[in-house]
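Here's the structure we're looking at; comments come further down.
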Amino acid sequence: MSLESKVRKVLGRFPYEITFEIRDGVVFLDGEVEAYEEWVEIGLAVGSIKGVEGVVNRIKWKDYPEEELRRKEELRRKLYEENKGRIIGEYDVVIIGGGVAGTAIARELSKYRLKVALLEKATDVSVGASKANNGMIHPGVAPKRGTLKAKLNVRGNAMYDELARDLGVKFKRVGSLWLITPRTLQKYRRYLPGPFYKFVSAYIFPYLVKLKGMLNGVKGIRIIRGEGIWKLEPKATREAWAAVYVPSTGILDPYDLVVALAENAIANGVEIHLETEVVGFIREGETIKGVVTNRGTFLARYVVNAAGVFADEIAELAGSREYTIHPRKGVILLFDKELEGWVNHCVTELRFPAPAHTKGGGINPTVHGNILWGPTAVEVPDKTDTSVHPEEIEEILERYREIYPDFPRHRIIRYFAGVRAPTFTEDFIIRPAKWVKNLLHVAGIQSPGLASAPAIAEYAVEQLRSMGLILEPKPDFNPHREPIPRASEMSLEELDRRIKEDPRWGNIVCTCEMVSEAEIVEAIRRGASTLDAIKRRTRLGMGTCQGGYCTLKAAEILSRELGIPISQVVKENGGRLFNGAVRGEEP
Amino acid sequence: MAAAVKLAGKGYDVALIERKEELGGILDQCIHDGFGTKIFGKALSGPEFAGYFIDEVSKLGLDVHLNTYVKSVNAGGDVKELVTVSPRGVERIKARSIVYAIGCRERHPFEIKVGGTRPAGVYTAGMVQRLVNLYGILPGKRILIVGGGDVGMIVARHLYLEGVESITVVFPEEFFVGLPRNVQQCILDFNIPFRPRTVVKEIVGKERVEGAILVKVDENWRPIPGTEEFYPCDTVIFSVGLVPYAKKLRAIGAEIDPRTRGPVVNEFFETTVRGVFAAGNLVQIFDYVDDAVESAYIAADGVEKYLAGEGRLDNPVPFKPGSNVRTLTPHRLEWKDERPVVAFLRPAVEGRAWIIVRGGNGEILKKEFRQYVRPSTLERIEIPREAISGAEEVYVDVARV
């Protein structure tokens, strides 16, 4: 069957008049539907057809934000006109997007003699999905065999020991423990009467999971039954019949990794431009000449589109829209550090088939001792929708409660959400653009994006090489990056020594996490200009009181170090913390 | 400071450790008055009240460590070791006893599962009080205050006087739960709008607060579906309760009472770690600073007994909350002493009531009548030792009349 007839067949399942065209393997859909969910469903249905390399979903749904998009477009055009003539510099490679993919690629490129600029529209790197995930370095069992995801996940996972060591990022290979319980194969109970159900669940299914992992190249998977499970996780439910143990799973703080990648890239010559938003491109035929931003134009020989949830918009502006992102929000709950020890591995309860609205998720420790529950997976029309609904919190608490029945679920200290950037083909899209010569797509980087990042960077640079980029290794490339020292982690002797040299090491500003003034000043020196940027680099405000004691002091330090009035101190992006002076006073 | 001053007065060698740059704790930001009505017979402002004790500390020449963070405490045994960190360096301090008076923290919106986004412009009331009174900066101009307690009302008045554009106060109860004098002097006198039986479901705003989704609740504080309403504002201030900062005590092995969320203490405010005492809001949230100071004086007496090696009871007497009592201190009687036991309790009911102290068999040991009790006001009752001598366990009830 030709691709065309396959698409027609799939579209025929829906009660709508949907027209399409196919260009170089990319399917463009047009039409109108009632609900947003249907827009997603149709896109996914077409995206899952073998041979489809991308779905550009131009279908409109009932509440399509026509007006809002028109306003945004007008603003973009205005900024484009204002900045297309202001040349900032000439670069070999311009990377768009300061998330884990963009910064990993930047650091990889900094190994070569190239002039590289990374453009990020927020006030800091790692402000999108890269800061709002559970930091899990997946082993590579889950992705479908043969996908780019599967290949890069397994490869990337293996690269983390060295990478974390070089970058001074805390990383722990805690391993995964996937529990098989009476609920695991629930959907198949009626096909497996009596003792068969338990037999298949405990003695057959785990080996199927192991096989799936082995076929993806994951090593060391073991099946555990009985007491062995509770030796590894003493507090886990006694309902577990068996468990799949995957030793290569790791955890880290994702924003810590991204900041480290960015700092190392900068140290090796990459320019990182924050608060710099791409508003268009200058093209000559099929070649991009320059990237136009709200701060001016960056002339470029190659452009890497690693813009996360906005990658499809960038692709459109560049003239090679080959996919549409359908944002998928994930909510995560964070529990107090005092609960350290409750969970030692990344634990989840296997369900087959996986429930409709989740991509699994589970209960993970962090490298600092906190515990994370989640994430959920909900399709949302707004790319910046990081809202958490109280129902979603309850949903997570319900979903995982059976894994640790006695867990003190009231000890939540925070919850947050991130928006994933999946395309309709649901795999990574890391390939040269089809209709623009010098653009590399690095799109659709959803889970296992973080785990794959080092391999994504390698692969992307290889793609650039195949596009003609000359890679001349730099002999003085320095792979090492020193993290900001922590008063809370150094020996007392070292701390005393540092204090005698610089008393700010002894001025503890955040007393929940023991963060000193010196660390805050160092974070600012390294580029943090907002409260949240400081928080990500020092853990200020991440403790029990969630910033109740330290926020004002930190704002004061920011005001002093940046030379701005305290009423202009920003939490993140445009969000000023405070207003002006009280009545009758000069600020 | 109160404990330090009393102990120094008795001739003990006292060191006072404080994490801020000056003494006084939270009082330095409490510029409203009402402090000291019981102890001094005057309604002082927070700084004035603290000032009295700061002067005493200075007169006695106590060893004061400011800007000092206690990194770890080894509290077992007769000699306790503290490791402190300050701009002067890392120091090790040895002490025969410790009094913790590190107060409480404010409950943050995540603890009450407020949904929505996490933009700039969301604060706790204490933060705003400090910002306005000591930094001279407004948090925003269009304010929503969540919580009908004292702190919220006081901050509402501060903000009104300092020139914000609008304020509304919402809370889940039927009426304000703070002290009646605050309702009159902060809310009614200034005509500040308020909405009972209302809570915040979600916060709206990408980078800065744009508004909140309010929802009405029933008597059980459950949201009533369909009553959601978007309220535009640029600042949301939560004043939803204070919680003893018990983390540090938990770390040294002290038992914590899940009701008060503070340490389990005996009648001299000694924790379950021998020689380690607790006083003030760290033990339970006091409504009057005078009572908090009294707890410190009692703890100081306890330290004296401990250091003198005085006798303890062979069997500690459990001291437990009975009917209609939400929280009660002390949790047990452990010492041989003749002074009355001072108990503090938070009633679960409102109205005219008897406070009844009884033994395990139901025999009434002491009864006191109160014109009006309410959950928002901590009650104090003094129980003579003779009344409870011989009892194997003691209960305290509140009975409505």
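How things are named: the first chain in the structure tokens is A, the next is B, and so on; residues count from 1 in each chain; ligands count from 1 in the order shown.
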If you run DSSP over the backbone, which residues in segment 32-145 of chain A end up alpha helix (DSSP H)? Put them as a ChimeraX atom specification.
/A:36-47,66-83,100-109
Produce a table with one row for each residue of segment 191-284 of chain A that has an atom at most 9 Å from any atom of segment 394-416 of chain A, each row naming the nearest atom pair and its distance in Å at one decimal; use only C-alpha atoms; arrange rows by chain and rising residue number; format as a Markdown table.
```
| residue | atom | partner | partner_atom | distance |
| --- | --- | --- | --- | --- |
| A:Lys235 | CA | A:Tyr404 | CA | 6.3 |
| A:Ala236 | CA | A:Tyr404 | CA | 5.0 |
| A:Thr237 | CA | A:Ile403 | CA | 5.2 |
| A:Arg238 | CA | A:Ile403 | CA | 8.8 |
| A:Glu239 | CA | A:Ile403 | CA | 8.6 |
| A:Ala240 | CA | A:Ile403 | CA | 8.7 |
```
With N, CA and C atoms retained, export the selected residues as a JSON list (two decimals), in the first residue's frame.
```json
[["chain", "number", "residue", "atom", "x", "y", "z"],
["A", 235, "LYS", "N", 10.86, -0.99, 52.46],
["A", 235, "LYS", "CA", 9.53, -0.46, 52.75],
["A", 235, "LYS", "C", 8.52, -0.68, 51.62],
["A", 236, "ALA", "N", 8.93, -1.36, 50.56],
["A", 236, "ALA", "CA", 8.02, -1.54, 49.43],
["A", 236, "ALA", "C", 6.91, -2.53, 49.78],
["A", 237, "THR", "N", 5.82, -2.45, 49.00],
["A", 237, "THR", "CA", 4.66, -3.28, 49.30],
["A", 237, "THR", "C", 4.99, -4.77, 49.30],
["A", 238, "ARG", "N", 4.37, -5.48, 50.27],
["A", 238, "ARG", "CA", 4.58, -6.91, 50.35],
["A", 238, "ARG", "C", 3.75, -7.66, 49.31],
["A", 239, "GLU", "N", 3.02, -6.90, 48.50],
["A", 239, "GLU", "CA", 2.20, -7.54, 47.47],
["A", 239, "GLU", "C", 3.01, -7.94, 46.25],
["A", 240, "ALA", "N", 4.27, -7.51, 46.21],
["A", 240, "ALA", "CA", 5.07, -7.77, 45.00],
["A", 240, "ALA", "C", 5.34, -9.25, 44.84]]
```
Enumerate as a VMD selection string the residues belonging to chain A that approach chain B to within 6 Å, with only C-alpha atoms taken into account.
chain A and resid 387 to 390 414 496 499 503 506 to 507 571 574 to 575 577 to 583
Non-local contacts of Pro381 of chain A (8 Å; only C-alpha atoms; under 3 positions in same chain excluded) as a ChimeraX atom specification
/A:36,326-327
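The smallest atom-to-atom distance between Leu365 of chain B and any of B:Glu304, B:Glu219, B:Glu386, B:Asp257, using only C-alpha atoms, is found for B:Glu386.
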List every residue of segment 40-274 of chain B that DSSP, applied to the backbone of this structure, places in strand (DSSP E), and write the result as an MDAnalysis selection string.
chainID B and resid 44:45 63:65 69:74 80:86 89:95 98:100 104:106 115:116 122:124 142:146 166:170 194:195 198:204 211:216 229:232 235:238 242:244
With C-alpha atoms retained, could you export that selection as a PDB file, in the first residue's frame?
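Writing done, so here's part.pdb:
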```
ATOM      1  CA  LEU B  44       4.405  47.408  73.487  1.00  0.00           C
ATOM      2  CA  SER B  45       5.524  47.015  69.887  1.00  0.00           C
ATOM      3  CA  ASP B  63      28.316  35.463  75.462  1.00  0.00           C
ATOM      4  CA  VAL B  64      26.261  36.256  72.351  1.00  0.00           C
ATOM      5  CA  HIS B  65      26.958  34.586  68.997  1.00  0.00           C
ATOM      6  CA  TYR B  69      24.309  28.660  62.247  1.00  0.00           C
ATOM      7  CA  VAL B  70      24.306  25.458  64.270  1.00  0.00           C
ATOM      8  CA  LYS B  71      25.469  22.757  61.912  1.00  0.00           C
ATOM      9  CA  SER B  72      25.263  19.764  64.203  1.00  0.00           C
ATOM     10  CA  VAL B  73      24.568  18.857  67.795  1.00  0.00           C
ATOM     11  CA  ASN B  74      25.684  15.791  69.682  1.00  0.00           C
ATOM     12  CA  LYS B  80      26.649  18.239  74.629  1.00  0.00           C
ATOM     13  CA  GLU B  81      28.722  19.327  71.643  1.00  0.00           C
ATOM     14  CA  LEU B  82      27.627  21.871  69.115  1.00  0.00           C
ATOM     15  CA  VAL B  83      29.378  22.704  65.876  1.00  0.00           C
ATOM     16  CA  THR B  84      28.586  26.235  64.707  1.00  0.00           C
ATOM     17  CA  VAL B  85      29.340  28.097  61.513  1.00  0.00           C
ATOM     18  CA  SER B  86      29.565  31.887  61.345  1.00  0.00           C
ATOM     19  CA  GLY B  89      34.732  30.493  61.432  1.00  0.00           C
ATOM     20  CA  VAL B  90      33.762  27.006  62.507  1.00  0.00           C
ATOM     21  CA  GLU B  91      33.481  26.726  66.284  1.00  0.00           C
ATOM     22  CA  ARG B  92      32.900  23.874  68.672  1.00  0.00           C
ATOM     23  CA  ILE B  93      30.966  24.623  71.800  1.00  0.00           C
ATOM     24  CA  LYS B  94      30.569  22.309  74.762  1.00  0.00           C
ATOM     25  CA  ALA B  95      27.566  22.707  77.012  1.00  0.00           C
ATOM     26  CA  ILE B  98      20.824  23.229  75.736  1.00  0.00           C
ATOM     27  CA  VAL B  99      17.667  25.297  75.426  1.00  0.00           C
ATOM     28  CA  TYR B 100      16.220  25.409  71.932  1.00  0.00           C
ATOM     29  CA  CYS B 104       8.370  28.244  64.136  1.00  0.00           C
ATOM     30  CA  ARG B 105       7.998  28.609  60.396  1.00  0.00           C
ATOM     31  CA  GLU B 106       5.032  29.590  58.264  1.00  0.00           C
ATOM     32  CA  GLY B 115      -2.751  24.412  42.650  1.00  0.00           C
ATOM     33  CA  GLY B 116      -1.980  26.492  39.603  1.00  0.00           C
ATOM     34  CA  VAL B 122       3.238  34.478  46.103  1.00  0.00           C
ATOM     35  CA  TYR B 123       4.335  34.974  49.694  1.00  0.00           C
ATOM     36  CA  THR B 124       3.718  34.048  53.259  1.00  0.00           C
ATOM     37  CA  ARG B 142      -3.501  44.367  44.341  1.00  0.00           C
ATOM     38  CA  ILE B 143      -3.412  41.980  47.240  1.00  0.00           C
ATOM     39  CA  LEU B 144      -5.221  38.769  48.091  1.00  0.00           C
ATOM     40  CA  ILE B 145      -4.639  37.521  51.629  1.00  0.00           C
ATOM     41  CA  VAL B 146      -5.453  33.909  52.411  1.00  0.00           C
ATOM     42  CA  SER B 166      -6.726  46.902  46.901  1.00  0.00           C
ATOM     43  CA  ILE B 167      -6.894  44.137  49.513  1.00  0.00           C
ATOM     44  CA  THR B 168      -9.270  41.245  50.033  1.00  0.00           C
ATOM     45  CA  VAL B 169      -8.985  38.602  52.740  1.00  0.00           C
ATOM     46  CA  VAL B 170     -10.386  35.097  52.252  1.00  0.00           C
ATOM     47  CA  PHE B 194     -13.251  39.839  53.296  1.00  0.00           C
ATOM     48  CA  ARG B 195     -14.965  36.653  52.142  1.00  0.00           C
ATOM     49  CA  THR B 198     -13.603  30.860  50.562  1.00  0.00           C
ATOM     50  CA  VAL B 199     -10.248  29.332  49.662  1.00  0.00           C
ATOM     51  CA  VAL B 200      -7.766  29.591  46.805  1.00  0.00           C
ATOM     52  CA  LYS B 201      -7.955  26.623  44.465  1.00  0.00           C
ATOM     53  CA  GLU B 202      -5.282  27.722  41.993  1.00  0.00           C
ATOM     54  CA  ILE B 203      -2.893  30.569  41.360  1.00  0.00           C
ATOM     55  CA  VAL B 204      -2.926  32.068  37.871  1.00  0.00           C
ATOM     56  CA  GLY B 211      -5.038  36.352  39.761  1.00  0.00           C
ATOM     57  CA  ALA B 212      -6.371  33.448  41.747  1.00  0.00           C
ATOM     58  CA  ILE B 213      -9.203  31.006  41.287  1.00  0.00           C
ATOM     59  CA  LEU B 214     -11.308  31.216  44.424  1.00  0.00           C
ATOM     60  CA  VAL B 215     -13.784  28.548  45.406  1.00  0.00           C
ATOM     61  CA  LYS B 216     -16.399  28.417  48.147  1.00  0.00           C
ATOM     62  CA  GLU B 229     -14.397  32.405  40.461  1.00  0.00           C
ATOM     63  CA  PHE B 230     -11.375  34.170  38.982  1.00  0.00           C
ATOM     64  CA  TYR B 231     -10.182  37.000  41.214  1.00  0.00           C
ATOM     65  CA  PRO B 232      -7.681  39.352  39.536  1.00  0.00           C
ATOM     66  CA  THR B 235      -0.026  39.287  44.874  1.00  0.00           C
ATOM     67  CA  VAL B 236      -1.237  36.344  46.937  1.00  0.00           C
ATOM     68  CA  ILE B 237      -0.231  36.237  50.586  1.00  0.00           C
ATOM     69  CA  PHE B 238      -0.733  33.058  52.558  1.00  0.00           C
ATOM     70  CA  LEU B 242       2.557  28.381  61.933  1.00  0.00           C
ATOM     71  CA  VAL B 243       4.453  25.139  62.441  1.00  0.00           C
ATOM     72  CA  PRO B 244       7.150  24.585  65.074  1.00  0.00           C
TER      73      PRO B 244
END
```
Can you tell me which residues surround segment 467-483 of chain A at a distance of at most 8 Å, considering only C-alpha atoms, apart from same-chain residues fewer than 5 positions away, and format the answer as a PDB file with C-alpha atoms, in the first residue's frame?
```pdb
ATOM      1  CA  SER A 110      33.190  23.307  21.943  1.00  0.00           C
ATOM      2  CA  LYS A 111      35.628  20.398  21.516  1.00  0.00           C
ATOM      3  CA  TYR A 112      36.300  21.677  17.983  1.00  0.00           C
ATOM      4  CA  ARG A 113      37.698  24.855  16.499  1.00  0.00           C
ATOM      5  CA  LEU A 114      34.372  26.514  15.839  1.00  0.00           C
ATOM      6  CA  ASP A 166      34.056  15.674  34.348  1.00  0.00           C
ATOM      7  CA  LEU A 167      31.331  18.224  34.990  1.00  0.00           C
ATOM      8  CA  GLY A 168      31.226  17.860  38.767  1.00  0.00           C
ATOM      9  CA  VAL A 169      27.576  16.857  38.703  1.00  0.00           C
ATOM     10  CA  ALA A 260      27.256  22.426  34.178  1.00  0.00           C
ATOM     11  CA  GLU A 263      29.430  26.556  32.067  1.00  0.00           C
ATOM     12  CA  ASN A 264      31.824  24.061  30.490  1.00  0.00           C
ATOM     13  CA  ALA A 267      34.760  27.881  29.413  1.00  0.00           C
ATOM     14  CA  ASN A 268      35.645  26.302  26.086  1.00  0.00           C
ATOM     15  CA  TYR A 302      24.839  26.102  10.397  1.00  0.00           C
ATOM     16  CA  PRO A 432      19.129  17.599   8.550  1.00  0.00           C
ATOM     17  CA  ASN A 438      22.057  24.072   6.724  1.00  0.00           C
TER      18      ASN A 438
END
```
Give me the residues within 9 Å of Gly34 of chain B as a PyMOL selection string, counting only C-alpha atoms and dropping any in the same chain fewer than 2 places off.
chain B and resi 32+36-37+42-46+288
Write a file of the selected residues as an mmCIF file, in the first residue's frame, keeping N, CA and C atoms.
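Listed below is the output, result-v7.cif:
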```
data_model
loop_
_atom_site.group_PDB
_atom_site.id
_atom_site.type_symbol
_atom_site.label_atom_id
_atom_site.label_comp_id
_atom_site.auth_asym_id
_atom_site.auth_seq_id
_atom_site.Cartn_x
_atom_site.Cartn_y
_atom_site.Cartn_z
ATOM 1 N N HIS B 32 3.598 46.331 65.134
ATOM 2 C CA HIS B 32 2.311 46.624 65.773
ATOM 3 C C HIS B 32 2.461 46.423 67.281
ATOM 4 N N GLY B 36 3.279 42.161 75.561
ATOM 5 C CA GLY B 36 3.619 42.452 76.944
ATOM 6 C C GLY B 36 2.471 42.865 77.831
ATOM 7 N N THR B 37 1.242 42.657 77.358
ATOM 8 C CA THR B 37 0.103 43.071 78.179
ATOM 9 C C THR B 37 0.067 42.295 79.485
ATOM 10 N N LYS B 42 1.605 46.552 79.695
ATOM 11 C CA LYS B 42 1.597 47.574 78.649
ATOM 12 C C LYS B 42 1.470 46.885 77.295
ATOM 13 N N ALA B 43 1.007 47.645 76.308
ATOM 14 C CA ALA B 43 0.941 47.090 74.954
ATOM 15 C C ALA B 43 2.100 47.656 74.151
ATOM 16 N N LEU B 44 3.206 46.922 74.179
ATOM 17 C CA LEU B 44 4.405 47.408 73.487
ATOM 18 C C LEU B 44 4.429 46.910 72.052
ATOM 19 N N SER B 45 5.274 47.540 71.232
ATOM 20 C CA SER B 45 5.524 47.015 69.887
ATOM 21 C C SER B 45 6.533 45.875 70.024
ATOM 22 N N GLY B 46 6.655 45.073 68.979
ATOM 23 C CA GLY B 46 7.584 43.944 69.003
ATOM 24 C C GLY B 46 9.001 44.358 69.341
ATOM 25 N N TYR B 288 0.148 34.575 72.736
ATOM 26 C CA TYR B 288 0.701 35.760 73.382
ATOM 27 C C TYR B 288 2.180 35.550 73.639
#
```
